[in-house]
Amino acid sequence: MKVNYAIGALSKSVYEKMFMWMVVRINQSLETKQPRQYFIGVLDIAGFEIFEYNTFEQLCINFTNEKLQQFFNHHMFVLEQEEYKKEGIEWTFIDFGMDLQACIDLIEKPMGIMSILEEECMFPKASDTTFKAKLYDNHLGKSQNFQKPRVIKGRPEAHFSLVHYAGTVDYNIFNWLVKNKDPLNETVENLNKLMTNLRSTHPHFVRCIIPNETKIPGAMENPLVMHQLRCNGVLEGIRICRKGFPNRILYGDFKQRYRILNPNAIPEDNSLITRKLQRNCWAL
């Protein structure tokens with residue numbers, strides 16, 4: 001069993017290093033000696049995973065999705081409304097109920113799932129049973145996102161359930177302690193680096209929607225599509241755009257394009273009119 005996990009860990013590490021080597025080679029090929037201030041990055045992530053049998057890998061993937069969805073929500077629902085107020089637009093803050101911090105804290109904060117897993121890995125006599133007991137002692141009945149799984153006949157055993165934004169997932173903790181001891185596994189550390197990089201950028205989001213689960217062209221399962229739009233925050237994003245100002249023109253572009261129609265309407269030295277026009281550009 002340990003040999004299989006070692007082979008898997010080595011394979012993932014080789015793939016990661018090969019991918020990074022390829023990225024470096026591409027960047028070197030496109031490199032110029034001219035000064036550079038901007039870059040474009042594309043992040044493509046695996047979708048949220050809910051299987052009949054979910055283990056440590058699914059938790060890592062779903063945790064990543066949870067963090068990225070929270071990043072999207074913060075930009076779409078918090079920063080968007082703060083921008084309206086900053087521009088002097090009359091606006092009442094709307095809580096869209098899309099805060100995922102409780103689930104994120106349950107996984108990553110001290111005495112959260114990852115913290116308890118790390119702690120158990122330091123004890124020689126720790127086991128899946130002691131890990132499960134500590135999870136239940138610290139979170140069952142204390143966190144709404146941590147639940148005891150339902151026993152469903154014919155389905156694999158599950159030890160605990162997490163209420164994610166995309167749905168409730170049942171997790172099996174078999175061999176989590178062994179997997180977490182993998183010296184090549186830097187999942188959480190790499191995720192923190194990724195989030196730091198994302199916060200320093202100006203992001204744009206592209207949502208991929210699965211039309212059906214049978215991979216049939218032209219088939220649209222409406223409930224499946226609506227579920228994805230709802231849990232990804234797309235519907236709420238449309239709501240805030242309809243209530244706010246979805247189309248914006250930078251003031252400098254607006255002035256350059258339309259000043260020829262009436263130059264006297266935008267005097268160069270009248271800062272009051274300039275500020276008013278800047279706010280009006282949001283609505284155009």
# chains A, B, ... in the order shown; residues from 1 in each chain; ligands from 1

call {"tool": "select_by_dssp", "arguments": {"residues": "segment 87-231 of chain A", "states": "helix (DSSP H, G or I)", "output": "PyMOL selection string"}}
result
chain A and resi 101-108+113-121+128-139+176-180+187-199+222-231

call {"tool": "select_by_dssp", "arguments": {"residues": "segment 39-280 of chain A", "states": "strand (DSSP E or B)", "output": "ChimeraX atom specification"}}
result
/A:54,146-147,160-164,167-171

call {"tool": "closest_residue", "arguments": {"among": "A:Met122, A:Gly244, A:Leu30, A:Asp137", "to": "Glu90 of chain A", "atoms": "only C-alpha atoms"}}
result
A:Gly244

call {"tool": "residues_around", "arguments": {"residues": "Glu236 of chain A", "least_positions_apart": "3", "cutoff": "12 Å", "atoms": "only C-alpha atoms", "output": "PDB file with N, CA, C and O atoms, in the first residue's frame"}}
result
ATOM      1  N   PHE A  72     -14.093  34.981  -5.959  1.00  0.00           N
ATOM      2  CA  PHE A  72     -15.056  35.513  -6.931  1.00  0.00           C
ATOM      3  C   PHE A  72     -16.170  36.295  -6.233  1.00  0.00           C
ATOM      4  O   PHE A  72     -16.528  37.407  -6.647  1.00  0.00           O
ATOM      5  N   ASN A  73     -16.714  35.722  -5.165  1.00  0.00           N
ATOM      6  CA  ASN A  73     -17.805  36.380  -4.443  1.00  0.00           C
ATOM      7  C   ASN A  73     -17.363  37.728  -3.879  1.00  0.00           C
ATOM      8  O   ASN A  73     -18.111  38.708  -3.917  1.00  0.00           O
ATOM      9  N   MET A  76     -17.165  40.143  -6.735  1.00  0.00           N
ATOM     10  CA  MET A  76     -18.444  40.396  -7.395  1.00  0.00           C
ATOM     11  C   MET A  76     -19.429  41.115  -6.496  1.00  0.00           C
ATOM     12  O   MET A  76     -20.189  41.971  -6.944  1.00  0.00           O
ATOM     13  N   PHE A  77     -19.440  40.783  -5.210  1.00  0.00           N
ATOM     14  CA  PHE A  77     -20.489  41.285  -4.328  1.00  0.00           C
ATOM     15  C   PHE A  77     -20.019  42.310  -3.302  1.00  0.00           C
ATOM     16  O   PHE A  77     -20.803  43.121  -2.847  1.00  0.00           O
ATOM     17  N   ILE A  94     -26.063  45.531  -0.300  1.00  0.00           N
ATOM     18  CA  ILE A  94     -26.922  44.347  -0.371  1.00  0.00           C
ATOM     19  C   ILE A  94     -26.122  43.120   0.032  1.00  0.00           C
ATOM     20  O   ILE A  94     -25.041  42.871  -0.494  1.00  0.00           O
ATOM     21  N   ASP A  95     -26.642  42.355   0.988  1.00  0.00           N
ATOM     22  CA  ASP A  95     -26.005  41.094   1.383  1.00  0.00           C
ATOM     23  C   ASP A  95     -26.639  39.966   0.578  1.00  0.00           C
ATOM     24  O   ASP A  95     -27.799  39.624   0.772  1.00  0.00           O
ATOM     25  N   PHE A  96     -25.862  39.382  -0.325  1.00  0.00           N
ATOM     26  CA  PHE A  96     -26.391  38.331  -1.188  1.00  0.00           C
ATOM     27  C   PHE A  96     -26.283  36.944  -0.561  1.00  0.00           C
ATOM     28  O   PHE A  96     -26.624  35.949  -1.196  1.00  0.00           O
ATOM     29  N   GLY A  97     -25.781  36.867   0.670  1.00  0.00           N
ATOM     30  CA  GLY A  97     -25.702  35.582   1.357  1.00  0.00           C
ATOM     31  C   GLY A  97     -24.760  34.597   0.691  1.00  0.00           C
ATOM     32  O   GLY A  97     -25.022  33.393   0.689  1.00  0.00           O
ATOM     33  N   MET A  98     -23.656  35.097   0.119  1.00  0.00           N
ATOM     34  CA  MET A  98     -22.733  34.233  -0.608  1.00  0.00           C
ATOM     35  C   MET A  98     -21.384  34.103   0.106  1.00  0.00           C
ATOM     36  O   MET A  98     -20.374  33.790  -0.513  1.00  0.00           O
ATOM     37  N   LEU A 229     -25.481  27.611 -12.141  1.00  0.00           N
ATOM     38  CA  LEU A 229     -25.559  29.073 -12.164  1.00  0.00           C
ATOM     39  C   LEU A 229     -25.826  29.634 -10.774  1.00  0.00           C
ATOM     40  O   LEU A 229     -25.295  30.681 -10.390  1.00  0.00           O
ATOM     41  N   ARG A 230     -26.636  28.907 -10.016  1.00  0.00           N
ATOM     42  CA  ARG A 230     -26.998  29.392  -8.679  1.00  0.00           C
ATOM     43  C   ARG A 230     -25.836  29.244  -7.705  1.00  0.00           C
ATOM     44  O   ARG A 230     -25.476  30.188  -6.997  1.00  0.00           O
ATOM     45  N   CYS A 231     -25.217  28.054  -7.659  1.00  0.00           N
ATOM     46  CA  CYS A 231     -24.171  27.832  -6.656  1.00  0.00           C
ATOM     47  C   CYS A 231     -22.874  28.537  -7.025  1.00  0.00           C
ATOM     48  O   CYS A 231     -22.057  28.828  -6.149  1.00  0.00           O
ATOM     49  N   ASN A 232     -22.656  28.856  -8.303  1.00  0.00           N
ATOM     50  CA  ASN A 232     -21.453  29.590  -8.707  1.00  0.00           C
ATOM     51  C   ASN A 232     -21.589  31.098  -8.546  1.00  0.00           C
ATOM     52  O   ASN A 232     -20.649  31.842  -8.825  1.00  0.00           O
ATOM     53  N   GLY A 233     -22.767  31.556  -8.146  1.00  0.00           N
ATOM     54  CA  GLY A 233     -22.955  32.986  -7.926  1.00  0.00           C
ATOM     55  C   GLY A 233     -23.244  33.775  -9.186  1.00  0.00           C
ATOM     56  O   GLY A 233     -23.277  35.007  -9.154  1.00  0.00           O
ATOM     57  N   ARG A 239     -27.869  39.811 -10.880  1.00  0.00           N
ATOM     58  CA  ARG A 239     -28.735  40.686 -10.072  1.00  0.00           C
ATOM     59  C   ARG A 239     -28.041  41.985  -9.703  1.00  0.00           C
ATOM     60  O   ARG A 239     -28.611  43.074  -9.826  1.00  0.00           O
ATOM     61  N   ILE A 240     -26.778  41.870  -9.250  1.00  0.00           N
ATOM     62  CA  ILE A 240     -26.083  43.087  -8.815  1.00  0.00           C
ATOM     63  C   ILE A 240     -25.759  43.977 -10.009  1.00  0.00           C
ATOM     64  O   ILE A 240     -25.760  45.208  -9.911  1.00  0.00           O
ATOM     65  N   CYS A 241     -25.509  43.372 -11.178  1.00  0.00           N
ATOM     66  CA  CYS A 241     -25.262  44.181 -12.386  1.00  0.00           C
ATOM     67  C   CYS A 241     -26.529  44.899 -12.836  1.00  0.00           C
ATOM     68  O   CYS A 241     -26.485  46.041 -13.285  1.00  0.00           O
ATOM     69  N   ARG A 242     -27.664  44.232 -12.699  1.00  0.00           N
ATOM     70  CA  ARG A 242     -28.926  44.868 -13.091  1.00  0.00           C
ATOM     71  C   ARG A 242     -29.274  46.014 -12.156  1.00  0.00           C
ATOM     72  O   ARG A 242     -29.831  47.029 -12.567  1.00  0.00           O
ATOM     73  N   LYS A 243     -28.914  45.863 -10.874  1.00  0.00           N
ATOM     74  CA  LYS A 243     -29.190  46.927  -9.921  1.00  0.00           C
ATOM     75  C   LYS A 243     -28.150  48.037 -10.000  1.00  0.00           C
ATOM     76  O   LYS A 243     -28.391  49.160  -9.585  1.00  0.00           O
TER      77      LYS A 243
END

call {"tool": "closest_residue", "arguments": {"among": "A:Asn62, A:Ser13, A:Asn180, A:Thr196", "to": "Ile45 of chain A", "atoms": "only C-alpha atoms"}}
result
A:Asn62

call {"tool": "residues_around", "arguments": {"residues": "Leu100 of chain A", "least_positions_apart": "5", "cutoff": "8 Å", "atoms": "only C-alpha atoms", "output": "list of chain:residue names"}}
result
A:Glu66, A:Gln70, A:Tyr165

call {"tool": "decode", "arguments": {"residues": "segment 169-219 of chain A", "atoms": "N, CA and C atoms", "output": "tab-separated table (two decimals), in the first residue's frame"}}
result
chain	number	residue	atom	x	y	z
A	169	VAL	N	-20.99	17.01	0.64
A	169	VAL	CA	-20.12	15.93	0.18
A	169	VAL	C	-19.79	15.01	1.35
A	170	ASP	N	-19.96	13.70	1.14
A	170	ASP	CA	-19.59	12.70	2.14
A	170	ASP	C	-18.15	12.26	1.90
A	171	TYR	N	-17.32	12.29	2.95
A	171	TYR	CA	-15.91	11.95	2.82
A	171	TYR	C	-15.57	10.69	3.60
A	172	ASN	N	-14.72	9.87	2.98
A	172	ASN	CA	-14.16	8.69	3.64
A	172	ASN	C	-12.71	9.00	3.99
A	173	ILE	N	-12.31	8.80	5.27
A	173	ILE	CA	-10.98	9.23	5.73
A	173	ILE	C	-9.96	8.10	5.73
A	174	PHE	N	-10.23	7.01	5.07
A	174	PHE	CA	-9.30	5.89	5.04
A	174	PHE	C	-7.94	6.31	4.48
A	175	ASN	N	-6.89	6.09	5.29
A	175	ASN	CA	-5.50	6.36	4.91
A	175	ASN	C	-5.18	7.84	4.69
A	176	TRP	N	-5.97	8.76	5.26
A	176	TRP	CA	-5.65	10.18	5.13
A	176	TRP	C	-4.32	10.49	5.81
A	177	LEU	N	-4.04	9.83	6.93
A	177	LEU	CA	-2.80	10.11	7.65
A	177	LEU	C	-1.59	9.72	6.80
A	178	VAL	N	-1.70	8.62	6.08
A	178	VAL	CA	-0.60	8.17	5.21
A	178	VAL	C	-0.42	9.15	4.06
A	179	LYS	N	-1.53	9.57	3.43
A	179	LYS	CA	-1.45	10.48	2.30
A	179	LYS	C	-0.90	11.84	2.72
A	180	ASN	N	-1.25	12.29	3.91
A	180	ASN	CA	-0.80	13.61	4.35
A	180	ASN	C	0.68	13.62	4.70
A	181	LYS	N	1.27	12.43	4.95
A	181	LYS	CA	2.70	12.35	5.26
A	181	LYS	C	3.56	12.40	4.01
A	182	ASP	N	2.94	12.44	2.86
A	182	ASP	CA	3.67	12.50	1.60
A	182	ASP	C	4.56	13.73	1.59
A	183	PRO	N	5.90	13.56	1.57
A	183	PRO	CA	6.80	14.73	1.64
A	183	PRO	C	6.74	15.61	0.39
A	184	LEU	N	6.18	15.08	-0.70
A	184	LEU	CA	6.09	15.86	-1.93
A	184	LEU	C	4.79	16.64	-2.04
A	185	ASN	N	3.89	16.43	-1.08
A	185	ASN	CA	2.57	17.06	-1.14
A	185	ASN	C	2.63	18.44	-0.51
A	186	GLU	N	2.50	19.49	-1.30
A	186	GLU	CA	2.50	20.87	-0.80
A	186	GLU	C	1.22	21.58	-1.20
A	187	THR	N	0.10	20.85	-1.15
A	187	THR	CA	-1.17	21.35	-1.66
A	187	THR	C	-1.57	22.67	-1.02
A	188	VAL	N	-1.62	22.69	0.31
A	188	VAL	CA	-2.11	23.89	1.01
A	188	VAL	C	-1.15	25.05	0.83
A	189	GLU	N	0.15	24.76	0.90
A	189	GLU	CA	1.15	25.83	0.72
A	189	GLU	C	1.03	26.45	-0.67
A	190	ASN	N	0.90	25.60	-1.70
A	190	ASN	CA	0.77	26.11	-3.06
A	190	ASN	C	-0.52	26.90	-3.24
A	191	LEU	N	-1.59	26.47	-2.58
A	191	LEU	CA	-2.86	27.19	-2.67
A	191	LEU	C	-2.74	28.58	-2.08
A	192	ASN	N	-2.05	28.70	-0.95
A	192	ASN	CA	-1.86	30.02	-0.34
A	192	ASN	C	-1.05	30.95	-1.25
A	193	LYS	N	-0.04	30.40	-1.94
A	193	LYS	CA	0.73	31.20	-2.89
A	193	LYS	C	-0.15	31.66	-4.04
A	194	LEU	N	-1.01	30.75	-4.51
A	194	LEU	CA	-1.91	31.08	-5.61
A	194	LEU	C	-2.85	32.21	-5.22
A	195	MET	N	-3.44	32.14	-4.02
A	195	MET	CA	-4.38	33.16	-3.59
A	195	MET	C	-3.68	34.50	-3.42
A	196	THR	N	-2.43	34.49	-2.96
A	196	THR	CA	-1.67	35.73	-2.83
A	196	THR	C	-1.46	36.38	-4.20
A	197	ASN	N	-1.12	35.56	-5.20
A	197	ASN	CA	-0.94	36.08	-6.55
A	197	ASN	C	-2.25	36.63	-7.12
A	198	LEU	N	-3.35	35.92	-6.88
A	198	LEU	CA	-4.64	36.37	-7.42
A	198	LEU	C	-5.06	37.71	-6.83
A	199	ARG	N	-4.80	37.90	-5.55
A	199	ARG	CA	-5.21	39.15	-4.89
A	199	ARG	C	-4.43	40.36	-5.41
A	200	SER	N	-3.31	40.11	-6.07
A	200	SER	CA	-2.51	41.22	-6.60
A	200	SER	C	-2.84	41.52	-8.05
A	201	THR	N	-3.88	40.87	-8.59
A	201	THR	CA	-4.22	41.04	-10.00
A	201	THR	C	-5.60	41.69	-10.16
A	202	HIS	N	-5.92	42.01	-11.39
A	202	HIS	CA	-7.26	42.48	-11.74
A	202	HIS	C	-7.96	41.34	-12.48
A	203	PRO	N	-8.80	40.57	-11.79
A	203	PRO	CA	-9.28	39.32	-12.38
A	203	PRO	C	-10.51	39.49	-13.28
A	204	HIS	N	-10.62	38.61	-14.25
A	204	HIS	CA	-11.82	38.43	-15.06
A	204	HIS	C	-12.19	36.95	-14.97
A	205	PHE	N	-13.48	36.66	-14.97
A	205	PHE	CA	-13.93	35.30	-14.72
A	205	PHE	C	-14.68	34.73	-15.91
A	206	VAL	N	-14.37	33.49	-16.25
A	206	VAL	CA	-15.08	32.76	-17.29
A	206	VAL	C	-15.68	31.52	-16.65
A	207	ARG	N	-17.00	31.38	-16.75
A	207	ARG	CA	-17.68	30.24	-16.14
A	207	ARG	C	-17.99	29.18	-17.20
A	208	CYS	N	-17.62	27.95	-16.94
A	208	CYS	CA	-17.94	26.84	-17.84
A	208	CYS	C	-19.11	26.06	-17.24
A	209	ILE	N	-20.17	25.93	-18.00
A	209	ILE	CA	-21.38	25.26	-17.52
A	209	ILE	C	-21.55	23.92	-18.24
A	210	ILE	N	-21.75	22.86	-17.49
A	210	ILE	CA	-21.99	21.53	-18.06
A	210	ILE	C	-23.47	21.45	-18.45
A	211	PRO	N	-23.80	21.24	-19.72
A	211	PRO	CA	-25.21	21.22	-20.14
A	211	PRO	C	-25.95	19.95	-19.75
A	212	ASN	N	-25.22	18.82	-19.65
A	212	ASN	CA	-25.84	17.55	-19.27
A	212	ASN	C	-24.78	16.62	-18.72
A	213	GLU	N	-25.20	15.55	-18.08
A	213	GLU	CA	-24.27	14.60	-17.48
A	213	GLU	C	-24.07	13.36	-18.35
A	214	THR	N	-24.66	13.36	-19.54
A	214	THR	CA	-24.56	12.20	-20.43
A	214	THR	C	-23.65	12.47	-21.62
A	215	LYS	N	-23.09	13.68	-21.70
A	215	LYS	CA	-22.16	14.07	-22.78
A	215	LYS	C	-22.79	13.92	-24.16
A	216	ILE	N	-24.08	14.24	-24.24
A	216	ILE	CA	-24.80	14.19	-25.51
A	216	ILE	C	-24.88	15.59	-26.09
A	217	PRO	N	-24.44	15.81	-27.34
A	217	PRO	CA	-24.51	17.15	-27.92
A	217	PRO	C	-25.95	17.61	-28.12
A	218	GLY	N	-26.18	18.89	-27.85
A	218	GLY	CA	-27.50	19.47	-28.06
A	218	GLY	C	-28.49	19.22	-26.95
A	219	ALA	N	-28.11	18.44	-25.93
A	219	ALA	CA	-29.03	18.13	-24.82
A	219	ALA	C	-28.78	19.10	-23.66
